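Dropping my_file34.txt in here (compact mmCIF, N, CA and C atoms):
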# COMPACT_ATOMS: atom_id res chain seq x y z
N ALA A 244 0.81 -1.19 0.00
CA ALA A 244 0.00 0.00 0.00
C ALA A 244 0.86 1.26 0.00
N MET A 245 2.17 1.10 0.15
CA MET A 245 3.03 2.29 0.12
C MET A 245 3.15 2.80 -1.30
N LYS A 246 3.14 4.11 -1.40
CA LYS A 246 3.35 4.73 -2.71
C LYS A 246 4.66 5.50 -2.67
N ASP A 247 4.58 6.79 -2.43
CA ASP A 247 5.80 7.59 -2.42
C ASP A 247 6.12 8.13 -1.03
N GLU A 248 5.59 7.47 0.00
CA GLU A 248 5.88 7.90 1.37
C GLU A 248 7.38 7.79 1.63
N GLU A 249 7.89 8.74 2.40
CA GLU A 249 9.32 8.75 2.71
C GLU A 249 9.61 7.90 3.95
N TYR A 250 8.64 7.83 4.88
CA TYR A 250 8.84 7.13 6.14
C TYR A 250 7.65 6.25 6.47
N VAL A 251 7.90 5.25 7.32
CA VAL A 251 6.83 4.47 7.93
C VAL A 251 7.04 4.58 9.43
N LEU A 252 5.98 4.90 10.15
CA LEU A 252 6.03 5.01 11.61
C LEU A 252 5.23 3.87 12.21
N TRP A 253 5.88 3.08 13.04
CA TRP A 253 5.24 1.99 13.76
C TRP A 253 5.09 2.42 15.21
N VAL A 254 3.90 2.25 15.77
CA VAL A 254 3.64 2.60 17.16
C VAL A 254 2.76 1.52 17.77
N ASP A 255 3.23 0.90 18.87
CA ASP A 255 2.41 -0.09 19.57
C ASP A 255 1.14 0.56 20.10
N SER A 256 0.08 -0.20 20.16
CA SER A 256 -1.22 0.33 20.58
C SER A 256 -1.26 0.70 22.06
N ASP A 257 -0.29 0.23 22.84
CA ASP A 257 -0.32 0.54 24.28
C ASP A 257 0.54 1.75 24.66
N ILE A 258 1.06 2.46 23.68
CA ILE A 258 1.81 3.69 23.96
C ILE A 258 0.80 4.78 24.34
N ILE A 259 1.02 5.41 25.50
CA ILE A 259 0.03 6.37 25.98
C ILE A 259 0.47 7.83 25.84
N TYR A 260 1.75 8.07 25.57
CA TYR A 260 2.20 9.45 25.42
C TYR A 260 3.37 9.51 24.46
N ILE A 261 3.30 10.46 23.54
CA ILE A 261 4.39 10.75 22.62
C ILE A 261 4.66 12.24 22.70
N PRO A 262 5.87 12.65 23.09
CA PRO A 262 6.18 14.08 23.15
C PRO A 262 5.89 14.76 21.81
N PRO A 263 5.35 15.96 21.83
CA PRO A 263 4.93 16.64 20.60
C PRO A 263 6.04 16.81 19.56
N ASP A 264 7.29 16.98 19.98
CA ASP A 264 8.38 17.21 19.03
C ASP A 264 9.14 15.95 18.65
N LEU A 265 8.74 14.79 19.18
CA LEU A 265 9.52 13.57 18.98
C LEU A 265 9.63 13.18 17.50
N LEU A 266 8.55 13.19 16.78
CA LEU A 266 8.60 12.79 15.37
C LEU A 266 9.52 13.70 14.56
N SER A 267 9.48 15.00 14.80
CA SER A 267 10.36 15.91 14.05
C SER A 267 11.82 15.67 14.41
N VAL A 268 12.11 15.35 15.67
CA VAL A 268 13.49 15.01 16.08
C VAL A 268 13.94 13.74 15.37
N MET A 269 13.06 12.75 15.32
CA MET A 269 13.42 11.48 14.66
C MET A 269 13.68 11.69 13.17
N ILE A 270 12.83 12.45 12.50
CA ILE A 270 13.00 12.71 11.06
C ILE A 270 14.27 13.52 10.81
N SER A 271 14.52 14.52 11.63
CA SER A 271 15.70 15.37 11.40
C SER A 271 17.01 14.63 11.66
N SER A 272 16.96 13.49 12.34
CA SER A 272 18.18 12.70 12.56
C SER A 272 18.73 12.16 11.25
N ASP A 273 17.87 11.99 10.26
CA ASP A 273 18.21 11.44 8.95
C ASP A 273 18.76 10.00 9.04
N LEU A 274 18.45 9.31 10.13
CA LEU A 274 18.83 7.90 10.27
C LEU A 274 17.82 7.03 9.53
N ASP A 275 18.27 5.89 9.01
CA ASP A 275 17.38 5.01 8.26
C ASP A 275 16.35 4.33 9.16
N ILE A 276 16.79 3.94 10.34
CA ILE A 276 15.91 3.32 11.34
C ILE A 276 16.21 3.99 12.67
N ILE A 277 15.17 4.44 13.34
CA ILE A 277 15.38 5.10 14.63
C ILE A 277 14.22 4.74 15.56
N THR A 278 14.57 4.50 16.80
CA THR A 278 13.57 4.21 17.82
C THR A 278 13.88 5.07 19.04
N PRO A 279 12.86 5.65 19.66
CA PRO A 279 13.13 6.42 20.87
C PRO A 279 13.19 5.49 22.08
N ARG A 280 13.74 5.98 23.14
CA ARG A 280 13.71 5.22 24.40
C ARG A 280 12.31 5.37 24.99
N CYS A 281 11.63 4.26 25.13
CA CYS A 281 10.28 4.24 25.72
C CYS A 281 10.40 3.72 27.14
N THR A 282 9.80 4.43 28.07
CA THR A 282 9.92 4.05 29.47
C THR A 282 8.55 3.77 30.08
N ALA A 283 8.59 3.08 31.20
CA ALA A 283 7.39 2.80 31.98
C ALA A 283 7.75 2.93 33.45
N GLY A 284 6.85 3.45 34.22
CA GLY A 284 7.09 3.54 35.65
C GLY A 284 8.28 4.39 36.01
N ASN A 285 9.11 3.87 36.86
CA ASN A 285 10.27 4.61 37.38
C ASN A 285 11.47 4.52 36.45
N ASP A 286 11.34 5.08 35.26
CA ASP A 286 12.45 5.15 34.31
C ASP A 286 12.94 3.77 33.88
N ILE A 287 12.04 2.82 33.76
CA ILE A 287 12.37 1.46 33.33
C ILE A 287 12.20 1.38 31.82
N ASP A 288 13.17 0.78 31.13
CA ASP A 288 13.04 0.60 29.69
C ASP A 288 11.85 -0.31 29.40
N TYR A 289 10.89 0.22 28.66
CA TYR A 289 9.70 -0.54 28.31
C TYR A 289 9.96 -1.46 27.13
N ASP A 290 10.72 -1.00 26.16
CA ASP A 290 11.02 -1.79 24.97
C ASP A 290 12.29 -2.59 25.23
N ARG A 291 12.14 -3.81 25.70
CA ARG A 291 13.30 -4.66 26.02
C ARG A 291 13.88 -5.32 24.76
N ASN A 292 13.26 -5.06 23.60
CA ASN A 292 13.78 -5.61 22.36
C ASN A 292 14.75 -4.66 21.66
N SER A 293 14.99 -3.51 22.26
CA SER A 293 15.99 -2.57 21.74
C SER A 293 17.24 -2.69 22.61
N TRP A 294 18.32 -3.20 22.01
CA TRP A 294 19.51 -3.45 22.81
C TRP A 294 20.77 -3.47 21.93
N PHE A 295 21.91 -3.41 22.61
CA PHE A 295 23.22 -3.49 21.98
C PHE A 295 23.99 -4.59 22.67
N GLY A 296 24.66 -5.44 21.91
CA GLY A 296 25.46 -6.53 22.48
C GLY A 296 25.01 -7.88 21.97
N GLU A 297 25.47 -8.93 22.62
CA GLU A 297 25.09 -10.28 22.23
C GLU A 297 24.24 -10.91 23.30
N ARG A 298 23.17 -11.57 22.87
CA ARG A 298 22.30 -12.24 23.82
C ARG A 298 22.79 -13.68 24.03
N LEU A 299 22.27 -14.29 25.07
CA LEU A 299 22.60 -15.68 25.37
C LEU A 299 22.16 -16.56 24.21
N LYS A 300 23.03 -17.47 23.82
CA LYS A 300 22.74 -18.38 22.72
C LYS A 300 22.54 -19.79 23.28
N PRO A 301 21.75 -20.61 22.60
CA PRO A 301 21.56 -21.97 23.09
C PRO A 301 22.83 -22.81 22.94
N THR A 302 22.97 -23.76 23.84
CA THR A 302 24.08 -24.72 23.74
C THR A 302 23.80 -25.66 22.55
N GLU A 303 24.78 -26.44 22.17
CA GLU A 303 24.59 -27.41 21.08
C GLU A 303 23.46 -28.39 21.43
N HIS A 304 23.40 -28.81 22.68
CA HIS A 304 22.32 -29.71 23.11
C HIS A 304 20.96 -29.02 22.96
N GLN A 305 20.87 -27.77 23.37
CA GLN A 305 19.60 -27.05 23.24
C GLN A 305 19.23 -26.87 21.77
N LYS A 306 20.22 -26.63 20.91
CA LYS A 306 19.94 -26.51 19.48
C LYS A 306 19.36 -27.81 18.93
N ARG A 307 19.92 -28.95 19.37
CA ARG A 307 19.39 -30.24 18.93
C ARG A 307 17.95 -30.43 19.41
N MET A 308 17.67 -30.01 20.63
CA MET A 308 16.31 -30.14 21.17
C MET A 308 15.33 -29.25 20.38
N ILE A 309 15.78 -28.08 20.00
CA ILE A 309 14.95 -27.19 19.18
C ILE A 309 14.68 -27.85 17.84
N SER A 310 15.74 -28.37 17.24
CA SER A 310 15.66 -28.97 15.91
C SER A 310 14.86 -30.26 15.89
N GLN A 311 15.13 -31.17 16.82
CA GLN A 311 14.53 -32.50 16.78
C GLN A 311 13.16 -32.58 17.45
N ARG A 312 12.97 -31.81 18.48
CA ARG A 312 11.74 -31.96 19.27
C ARG A 312 10.89 -30.69 19.32
N GLY A 313 11.32 -29.65 18.64
CA GLY A 313 10.55 -28.42 18.66
C GLY A 313 10.59 -27.70 19.99
N ALA A 314 11.65 -27.96 20.76
CA ALA A 314 11.78 -27.30 22.06
C ALA A 314 11.86 -25.79 21.87
N ILE A 315 11.53 -25.08 22.90
CA ILE A 315 11.57 -23.62 22.85
C ILE A 315 12.75 -23.12 23.66
N PHE A 316 13.50 -22.22 23.08
CA PHE A 316 14.60 -21.57 23.77
C PHE A 316 14.20 -20.13 24.01
N VAL A 317 14.31 -19.67 25.23
CA VAL A 317 13.95 -18.29 25.56
C VAL A 317 15.23 -17.47 25.60
N PRO A 318 15.42 -16.57 24.63
CA PRO A 318 16.62 -15.74 24.61
C PRO A 318 16.69 -14.87 25.86
N GLN A 319 17.90 -14.68 26.36
CA GLN A 319 18.08 -13.88 27.56
C GLN A 319 19.25 -12.93 27.37
N ASP A 320 19.22 -11.86 28.14
CA ASP A 320 20.33 -10.91 28.11
C ASP A 320 21.56 -11.51 28.78
N THR A 321 22.72 -11.08 28.32
CA THR A 321 23.97 -11.39 29.00
C THR A 321 24.36 -10.15 29.78
N LYS A 322 25.44 -10.23 30.53
CA LYS A 322 25.90 -9.07 31.29
C LYS A 322 26.37 -7.94 30.37
N GLU A 323 26.72 -8.28 29.13
CA GLU A 323 27.22 -7.29 28.19
C GLU A 323 26.11 -6.51 27.49
N ILE A 324 24.90 -6.99 27.56
CA ILE A 324 23.78 -6.32 26.88
C ILE A 324 23.54 -4.95 27.49
N LYS A 325 23.32 -3.97 26.61
CA LYS A 325 22.95 -2.63 27.06
C LYS A 325 21.61 -2.29 26.44
N HIS A 326 20.66 -1.98 27.29
CA HIS A 326 19.39 -1.44 26.81
C HIS A 326 19.54 0.08 26.78
N MET A 327 18.60 0.75 26.17
CA MET A 327 18.77 2.19 25.95
C MET A 327 18.98 2.96 27.25
N GLY A 328 18.27 2.63 28.29
CA GLY A 328 18.43 3.33 29.56
C GLY A 328 19.80 3.16 30.17
N ASP A 329 20.47 2.05 29.85
CA ASP A 329 21.81 1.81 30.39
C ASP A 329 22.80 2.88 29.93
N TYR A 330 22.60 3.39 28.72
CA TYR A 330 23.48 4.44 28.22
C TYR A 330 23.34 5.71 29.06
N TRP A 331 22.11 6.06 29.39
CA TRP A 331 21.89 7.28 30.17
C TRP A 331 22.30 7.10 31.62
N LYS A 332 22.11 5.92 32.17
CA LYS A 332 22.50 5.68 33.56
C LYS A 332 24.01 5.67 33.71
N SER A 333 24.72 5.16 32.70
CA SER A 333 26.18 5.09 32.79
C SER A 333 26.84 6.42 32.44
N ASP A 334 26.15 7.28 31.69
CA ASP A 334 26.71 8.57 31.31
C ASP A 334 25.59 9.61 31.23
N PRO A 335 25.13 10.11 32.37
CA PRO A 335 24.00 11.05 32.36
C PRO A 335 24.31 12.38 31.68
N ASN A 336 25.57 12.69 31.45
CA ASN A 336 25.95 13.95 30.80
C ASN A 336 26.31 13.76 29.33
N ARG A 337 25.84 12.69 28.78
CA ARG A 337 26.18 12.36 27.39
C ARG A 337 25.80 13.51 26.46
N THR A 338 26.54 13.66 25.38
CA THR A 338 26.30 14.77 24.46
C THR A 338 25.47 14.35 23.24
N SER A 339 25.44 13.08 22.91
CA SER A 339 24.68 12.62 21.76
C SER A 339 23.31 12.11 22.19
N GLU A 340 22.31 12.41 21.39
CA GLU A 340 20.98 11.89 21.65
C GLU A 340 20.83 10.46 21.16
N PHE A 341 21.76 9.99 20.33
CA PHE A 341 21.61 8.73 19.64
C PHE A 341 22.63 7.69 20.10
N VAL A 342 22.22 6.43 20.11
CA VAL A 342 23.12 5.33 20.44
C VAL A 342 22.94 4.23 19.39
N LYS A 343 24.00 3.50 19.14
CA LYS A 343 23.94 2.38 18.19
C LYS A 343 23.30 1.18 18.88
N LEU A 344 22.41 0.50 18.17
CA LEU A 344 21.75 -0.69 18.70
C LEU A 344 21.93 -1.84 17.72
N HIS A 345 21.94 -3.06 18.25
CA HIS A 345 21.97 -4.25 17.40
C HIS A 345 20.56 -4.75 17.10
N SER A 346 19.62 -4.35 17.92
CA SER A 346 18.24 -4.80 17.75
C SER A 346 17.30 -3.67 18.14
N VAL A 347 16.22 -3.55 17.42
CA VAL A 347 15.18 -2.59 17.80
C VAL A 347 13.87 -3.34 17.93
N GLY A 348 13.08 -2.93 18.90
CA GLY A 348 11.73 -3.47 19.03
C GLY A 348 10.78 -2.62 18.21
N GLY A 349 9.52 -2.86 18.37
CA GLY A 349 8.55 -2.12 17.60
C GLY A 349 7.67 -1.23 18.44
N THR A 350 8.10 -0.89 19.66
CA THR A 350 7.28 -0.04 20.52
C THR A 350 6.97 1.27 19.81
N MET A 351 7.99 1.92 19.30
CA MET A 351 7.85 3.06 18.39
C MET A 351 9.07 3.05 17.50
N LEU A 352 8.84 3.05 16.21
CA LEU A 352 9.94 2.86 15.27
C LEU A 352 9.66 3.67 14.02
N LEU A 353 10.63 4.46 13.58
CA LEU A 353 10.52 5.20 12.34
C LEU A 353 11.53 4.60 11.36
N ILE A 354 11.03 4.20 10.21
CA ILE A 354 11.86 3.54 9.20
C ILE A 354 11.70 4.27 7.87
N LYS A 355 12.82 4.53 7.21
CA LYS A 355 12.72 5.10 5.87
C LYS A 355 12.07 4.05 4.96
N SER A 356 11.10 4.48 4.20
CA SER A 356 10.28 3.56 3.41
C SER A 356 11.08 2.73 2.42
N TYR A 357 12.17 3.26 1.92
CA TYR A 357 12.94 2.49 0.93
C TYR A 357 13.40 1.16 1.52
N LEU A 358 13.61 1.10 2.84
CA LEU A 358 14.03 -0.16 3.45
C LEU A 358 12.92 -1.21 3.37
N HIS A 359 11.68 -0.81 3.63
CA HIS A 359 10.57 -1.75 3.47
C HIS A 359 10.44 -2.17 2.00
N ARG A 360 10.63 -1.23 1.10
CA ARG A 360 10.54 -1.56 -0.33
C ARG A 360 11.63 -2.55 -0.74
N GLN A 361 12.76 -2.53 -0.02
CA GLN A 361 13.85 -3.47 -0.31
C GLN A 361 13.68 -4.79 0.42
N GLY A 362 12.65 -4.90 1.26
CA GLY A 362 12.36 -6.19 1.88
C GLY A 362 12.50 -6.26 3.39
N VAL A 363 12.88 -5.19 4.06
CA VAL A 363 12.99 -5.22 5.51
C VAL A 363 11.59 -5.38 6.11
N ILE A 364 11.42 -6.39 6.95
CA ILE A 364 10.12 -6.67 7.58
C ILE A 364 10.33 -7.03 9.04
N PHE A 365 9.23 -7.10 9.77
CA PHE A 365 9.26 -7.70 11.09
C PHE A 365 9.16 -9.20 10.86
N PRO A 366 10.14 -9.97 11.30
CA PRO A 366 10.08 -11.41 11.02
C PRO A 366 8.92 -12.08 11.74
N ILE A 367 8.33 -13.08 11.09
CA ILE A 367 7.23 -13.82 11.70
C ILE A 367 7.72 -15.12 12.34
N GLU A 368 8.98 -15.43 12.15
CA GLU A 368 9.61 -16.61 12.76
C GLU A 368 10.93 -16.18 13.37
N TYR A 369 11.46 -16.98 14.27
CA TYR A 369 12.78 -16.71 14.82
C TYR A 369 13.81 -16.83 13.70
N ILE A 370 14.61 -15.78 13.48
CA ILE A 370 15.53 -15.80 12.35
C ILE A 370 16.99 -15.97 12.77
N VAL A 371 17.36 -15.55 13.97
CA VAL A 371 18.73 -15.72 14.43
C VAL A 371 18.94 -17.20 14.73
N GLY A 372 19.95 -17.78 14.12
CA GLY A 372 20.23 -19.20 14.31
C GLY A 372 19.51 -20.10 13.31
N THR A 373 18.85 -19.51 12.32
CA THR A 373 18.13 -20.29 11.30
C THR A 373 19.13 -21.00 10.40
N ASP A 374 18.79 -22.22 10.01
CA ASP A 374 19.56 -22.89 8.97
C ASP A 374 18.56 -23.36 7.91
N TRP A 375 19.01 -24.11 6.94
CA TRP A 375 18.14 -24.49 5.82
C TRP A 375 17.01 -25.41 6.26
N GLU A 376 17.18 -26.11 7.38
CA GLU A 376 16.18 -27.09 7.77
C GLU A 376 15.34 -26.68 8.97
N HIS A 377 15.80 -25.69 9.75
CA HIS A 377 15.11 -25.38 10.98
C HIS A 377 15.05 -23.87 11.24
N PHE A 378 14.00 -23.49 11.95
CA PHE A 378 13.89 -22.11 12.39
C PHE A 378 14.94 -21.83 13.45
N GLY A 379 15.20 -20.57 13.69
CA GLY A 379 16.20 -20.17 14.67
C GLY A 379 15.63 -20.10 16.08
N TYR A 380 16.30 -19.34 16.91
CA TYR A 380 15.96 -19.28 18.34
C TYR A 380 15.81 -17.88 18.88
N ASP A 381 15.98 -16.85 18.03
CA ASP A 381 15.89 -15.47 18.50
C ASP A 381 15.58 -14.58 17.32
N GLY A 382 15.18 -13.34 17.58
CA GLY A 382 15.01 -12.39 16.52
C GLY A 382 13.58 -12.14 16.12
N ILE A 383 12.67 -12.31 17.04
CA ILE A 383 11.27 -12.00 16.77
C ILE A 383 10.74 -11.23 17.93
N GLU A 384 9.89 -10.27 17.67
CA GLU A 384 9.34 -9.50 18.80
C GLU A 384 8.14 -10.23 19.34

What is this structure when it is put down as structure tokens?
Amino acid sequence: AMKDEEYVLWVDSDIIYIPPDLLSVMISSDLDIITPRCTAGNDIDYDRNSWFGERLKPTEHQKRMISQRGAIFVPQDTKEIKHMGDYWKSDPNRTSEFVKLHSVGGTMLLIKSYLHRQGVIFPIEYIVGTDWEHFGYDGIE
């Protein structure tokens, strides 16, 4: 259904407040994909799917169980994972508004439309760890 739109904005239905200038800040960043830090309660990161680092991977035994028996592996953070709030807590005087992430969730996400036209989608299956015969174990919201 996209025609000549420059951006696609994804917003979860449970988002209750968006600052009035947020969209213009996101667009002016000129980044291809950008997500704001979404919080809940006492400054807790609400979007736990936006992170930097490597997540826990299944052992070879767990991979066999996933492959042979359809077992479920629940991805977990490692000590090296940084969620968006971790950047602000570790450096409250930071000068940049932006941080590099390895994964973004869909709580609120602005994507340049050309990426969707080139095939970027929200995966419907676990894609991290996928091989030719089996689905992976991570990478789905």

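Nearest residue to Met245 (chain A), choosing from A:Val363, A:Gly379, A:Pro262, A:Tyr357 and counting only C-alpha atoms: A:Tyr357.
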
>> Just the number, please: distance in Å from CA of Met308 (chain A) to atom N of Tyr380 (chain A), one decimal.
In response: 11.6 Å

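Restricting the calculation to only N, CA and C atoms, the smallest distance between Ile287 (chain A) and any of A:Gly328, A:Glu340, A:Arg360, A:Gly382 is found for A:Gly328.
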
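With only N, CA and C atoms as the atoms that count, the residue of A:Ile315, A:Met327, A:Ile309, A:Ile364 with the shortest distance to Trp294 (chain A) is A:Met327.
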
> CA of Pro279 (chain A) to CA of Ile324 (chain A): how many Å, to one decimal?
Replying inline: 17.7 Å

> Residues of chain A in strand (DSSP E) according to DSSP, as a list in words?
Replying inline: Tyr250, Val251, Leu252, Trp253, Val254, Ile276, Ile277, Thr282, Ala283, Ile287, Asp288, Trp294, Phe295, Lys325, His326, Met351, Leu352, Leu353, Ile354 and Lys355 of chain A

Residues near Gly296 (chain A), anyone? I mean within 7 Å using all atoms listed in the file, not counting same-chain ones fewer than 4 positions away, as a PDB file with N, CA and C atoms, in the coordinates of the input.
ATOM      1  N   GLU A 323      26.720  -8.280  29.130  1.00  0.00           N
ATOM      2  CA  GLU A 323      27.220  -7.290  28.190  1.00  0.00           C
ATOM      3  C   GLU A 323      26.110  -6.510  27.490  1.00  0.00           C
ATOM      4  N   ILE A 324      24.900  -6.990  27.560  1.00  0.00           N
ATOM      5  CA  ILE A 324      23.780  -6.320  26.880  1.00  0.00           C
ATOM      6  C   ILE A 324      23.540  -4.950  27.490  1.00  0.00           C
ATOM      7  N   LYS A 325      23.320  -3.970  26.610  1.00  0.00           N
ATOM      8  CA  LYS A 325      22.950  -2.630  27.060  1.00  0.00           C
ATOM      9  C   LYS A 325      21.610  -2.290  26.440  1.00  0.00           C
ATOM     10  N   LEU A 344      22.410   0.500  18.170  1.00  0.00           N
ATOM     11  CA  LEU A 344      21.750  -0.690  18.700  1.00  0.00           C
ATOM     12  C   LEU A 344      21.930  -1.840  17.720  1.00  0.00           C
ATOM     13  N   HIS A 345      21.940  -3.060  18.250  1.00  0.00           N
ATOM     14  CA  HIS A 345      21.970  -4.250  17.400  1.00  0.00           C
ATOM     15  C   HIS A 345      20.560  -4.750  17.100  1.00  0.00           C
ATOM     16  N   SER A 346      19.620  -4.350  17.920  1.00  0.00           N
ATOM     17  CA  SER A 346      18.240  -4.800  17.750  1.00  0.00           C
ATOM     18  C   SER A 346      17.300  -3.670  18.140  1.00  0.00           C
TER      19      SER A 346
END

> Which value, in Å to one decimal, gives the distance between CA of Gly372 (chain A) and atom C of His326 (chain A)?
Replying inline: 23.0 Å

Let me have the centre and edge lengths of the axis-aligned box enclosing all listed atoms of region 303-311 of chain A with 3 Å padding on every side, in Å to one decimal, as JSON.
{"center_x": 19.0, "center_y": -29.5, "center_z": 19.6, "size_x": 17.6, "size_y": 12.1, "size_z": 13.5}

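Every protein or nucleic acid residue with an atom no more than 6.5 Å from Ile276 (chain A), counting all atoms listed in the file and leaving out same-chain residues fewer than 4 positions away, appears here: Leu353, Ile354 and Lys355 of chain A.
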
> Between A:Ser310, A:Gln305, A:Thr282, A:Ser267, which has the minimum distance to Asp374 (chain A) (counting only C-alpha atoms)?
Replying inline: A:Ser310

>> For Lys322 (chain A), find every residue with an atom within 8 Å (counting only N, CA and C atoms), except residues of its own chain fewer than 6 positions away, and show them as number ranges by chain.
In response: A: 297-299

> Residues of chain A in helix (DSSP H, G or I) according to DSSP, as a list in words?
Replying inline: Leu265, Leu266, Ser267, Val268, Met269, Ile270, Ser271, Glu303, His304, Gln305, Lys306, Arg307, Met308, Ile309, Ser310, Gln311, Arg312, Met327, Gly328, Asp329, Tyr330, Trp331, Lys332, Ser333, Ser356, Tyr357, Leu358, His359 and Arg360 of chain A

Just the selected residues (N, CA and C atoms), exported as a JSON list (two decimals), in the frame of the given file, please.
[["chain", "number", "residue", "atom", "x", "y", "z"],
["A", 265, "LEU", "N", 8.74, 14.79, 19.18],
["A", 265, "LEU", "CA", 9.52, 13.57, 18.98],
["A", 265, "LEU", "C", 9.63, 13.18, 17.50],
["A", 266, "LEU", "N", 8.55, 13.19, 16.78],
["A", 266, "LEU", "CA", 8.60, 12.79, 15.37],
["A", 266, "LEU", "C", 9.52, 13.70, 14.56],
["A", 267, "SER", "N", 9.48, 15.00, 14.80],
["A", 267, "SER", "CA", 10.36, 15.91, 14.05],
["A", 267, "SER", "C", 11.82, 15.67, 14.41],
["A", 268, "VAL", "N", 12.11, 15.35, 15.67],
["A", 268, "VAL", "CA", 13.49, 15.01, 16.08],
["A", 268, "VAL", "C", 13.94, 13.74, 15.37],
["A", 269, "MET", "N", 13.06, 12.75, 15.32],
["A", 269, "MET", "CA", 13.42, 11.48, 14.66],
["A", 269, "MET", "C", 13.68, 11.69, 13.17],
["A", 270, "ILE", "N", 12.83, 12.45, 12.50],
["A", 270, "ILE", "CA", 13.00, 12.71, 11.06],
["A", 270, "ILE", "C", 14.27, 13.52, 10.81],
["A", 271, "SER", "N", 14.52, 14.52, 11.63],
["A", 271, "SER", "CA", 15.70, 15.37, 11.40],
["A", 271, "SER", "C", 17.01, 14.63, 11.66],
["A", 303, "GLU", "N", 24.78, -26.44, 22.17],
["A", 303, "GLU", "CA", 24.59, -27.41, 21.08],
["A", 303, "GLU", "C", 23.46, -28.39, 21.43],
["A", 304, "HIS", "N", 23.40, -28.81, 22.68],
["A", 304, "HIS", "CA", 22.32, -29.71, 23.11],
["A", 304, "HIS", "C", 20.96, -29.02, 22.96],
["A", 305, "GLN", "N", 20.87, -27.77, 23.37],
["A", 305, "GLN", "CA", 19.60, -27.05, 23.24],
["A", 305, "GLN", "C", 19.23, -26.87, 21.77],
["A", 306, "LYS", "N", 20.22, -26.63, 20.91],
["A", 306, "LYS", "CA", 19.94, -26.51, 19.48],
["A", 306, "LYS", "C", 19.36, -27.81, 18.93],
["A", 307, "ARG", "N", 19.92, -28.95, 19.37],
["A", 307, "ARG", "CA", 19.39, -30.24, 18.93],
["A", 307, "ARG", "C", 17.95, -30.43, 19.41],
["A", 308, "MET", "N", 17.67, -30.01, 20.63],
["A", 308, "MET", "CA", 16.31, -30.14, 21.17],
["A", 308, "MET", "C", 15.33, -29.25, 20.38],
["A", 309, "ILE", "N", 15.78, -28.08, 20.00],
["A", 309, "ILE", "CA", 14.95, -27.19, 19.18],
["A", 309, "ILE", "C", 14.68, -27.85, 17.84],
["A", 310, "SER", "N", 15.74, -28.37, 17.24],
["A", 310, "SER", "CA", 15.66, -28.97, 15.91],
["A", 310, "SER", "C", 14.86, -30.26, 15.89],
["A", 311, "GLN", "N", 15.13, -31.17, 16.82],
["A", 311, "GLN", "CA", 14.53, -32.50, 16.78],
["A", 311, "GLN", "C", 13.16, -32.58, 17.45],
["A", 312, "ARG", "N", 12.97, -31.81, 18.48],
["A", 312, "ARG", "CA", 11.74, -31.96, 19.27],
["A", 312, "ARG", "C", 10.89, -30.69, 19.32],
["A", 327, "MET", "N", 18.60, 0.75, 26.17],
["A", 327, "MET", "CA", 18.77, 2.19, 25.95],
["A", 327, "MET", "C", 18.98, 2.96, 27.25],
["A", 328, "GLY", "N", 18.27, 2.63, 28.29],
["A", 328, "GLY", "CA", 18.43, 3.33, 29.56],
["A", 328, "GLY", "C", 19.80, 3.16, 30.17],
["A", 329, "ASP", "N", 20.47, 2.05, 29.85],
["A", 329, "ASP", "CA", 21.81, 1.81, 30.39],
["A", 329, "ASP", "C", 22.80, 2.88, 29.93],
["A", 330, "TYR", "N", 22.60, 3.39, 28.72],
["A", 330, "TYR", "CA", 23.48, 4.44, 28.22],
["A", 330, "TYR", "C", 23.34, 5.71, 29.06],
["A", 331, "TRP", "N", 22.11, 6.06, 29.39],
["A", 331, "TRP", "CA", 21.89, 7.28, 30.17],
["A", 331, "TRP", "C", 22.30, 7.10, 31.62],
["A", 332, "LYS", "N", 22.11, 5.92, 32.17],
["A", 332, "LYS", "CA", 22.50, 5.68, 33.56],
["A", 332, "LYS", "C", 24.01, 5.67, 33.71],
["A", 333, "SER", "N", 24.72, 5.16, 32.70],
["A", 333, "SER", "CA", 26.18, 5.09, 32.79],
["A", 333, "SER", "C", 26.84, 6.42, 32.44],
["A", 356, "SER", "N", 11.10, 4.48, 4.20],
["A", 356, "SER", "CA", 10.28, 3.56, 3.41],
["A", 356, "SER", "C", 11.08, 2.73, 2.42],
["A", 357, "TYR", "N", 12.17, 3.26, 1.92],
["A", 357, "TYR", "CA", 12.94, 2.49, 0.93],
["A", 357, "TYR", "C", 13.40, 1.16, 1.52],
["A", 358, "LEU", "N", 13.61, 1.10, 2.84],
["A", 358, "LEU", "CA", 14.03, -0.16, 3.45],
["A", 358, "LEU", "C", 12.92, -1.21, 3.37],
["A", 359, "HIS", "N", 11.68, -0.81, 3.63],
["A", 359, "HIS", "CA", 10.57, -1.75, 3.47],
["A", 359, "HIS", "C", 10.44, -2.17, 2.00],
["A", 360, "ARG", "N", 10.63, -1.23, 1.10],
["A", 360, "ARG", "CA", 10.54, -1.56, -0.33],
["A", 360, "ARG", "C", 11.63, -2.55, -0.74]]

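Ranking A:Ser293, A:Gln311, A:Tyr250, A:Cys281 by their shortest atom-to-atom distance to Glu376 (chain A), with only C-alpha atoms included, puts A:Gln311 first.
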
> For Thr373 (chain A), which of A:Lys332, A:Arg312, A:Lys343, A:Lys306 is the closest residue, counting only C-alpha atoms?
Replying inline: A:Lys306
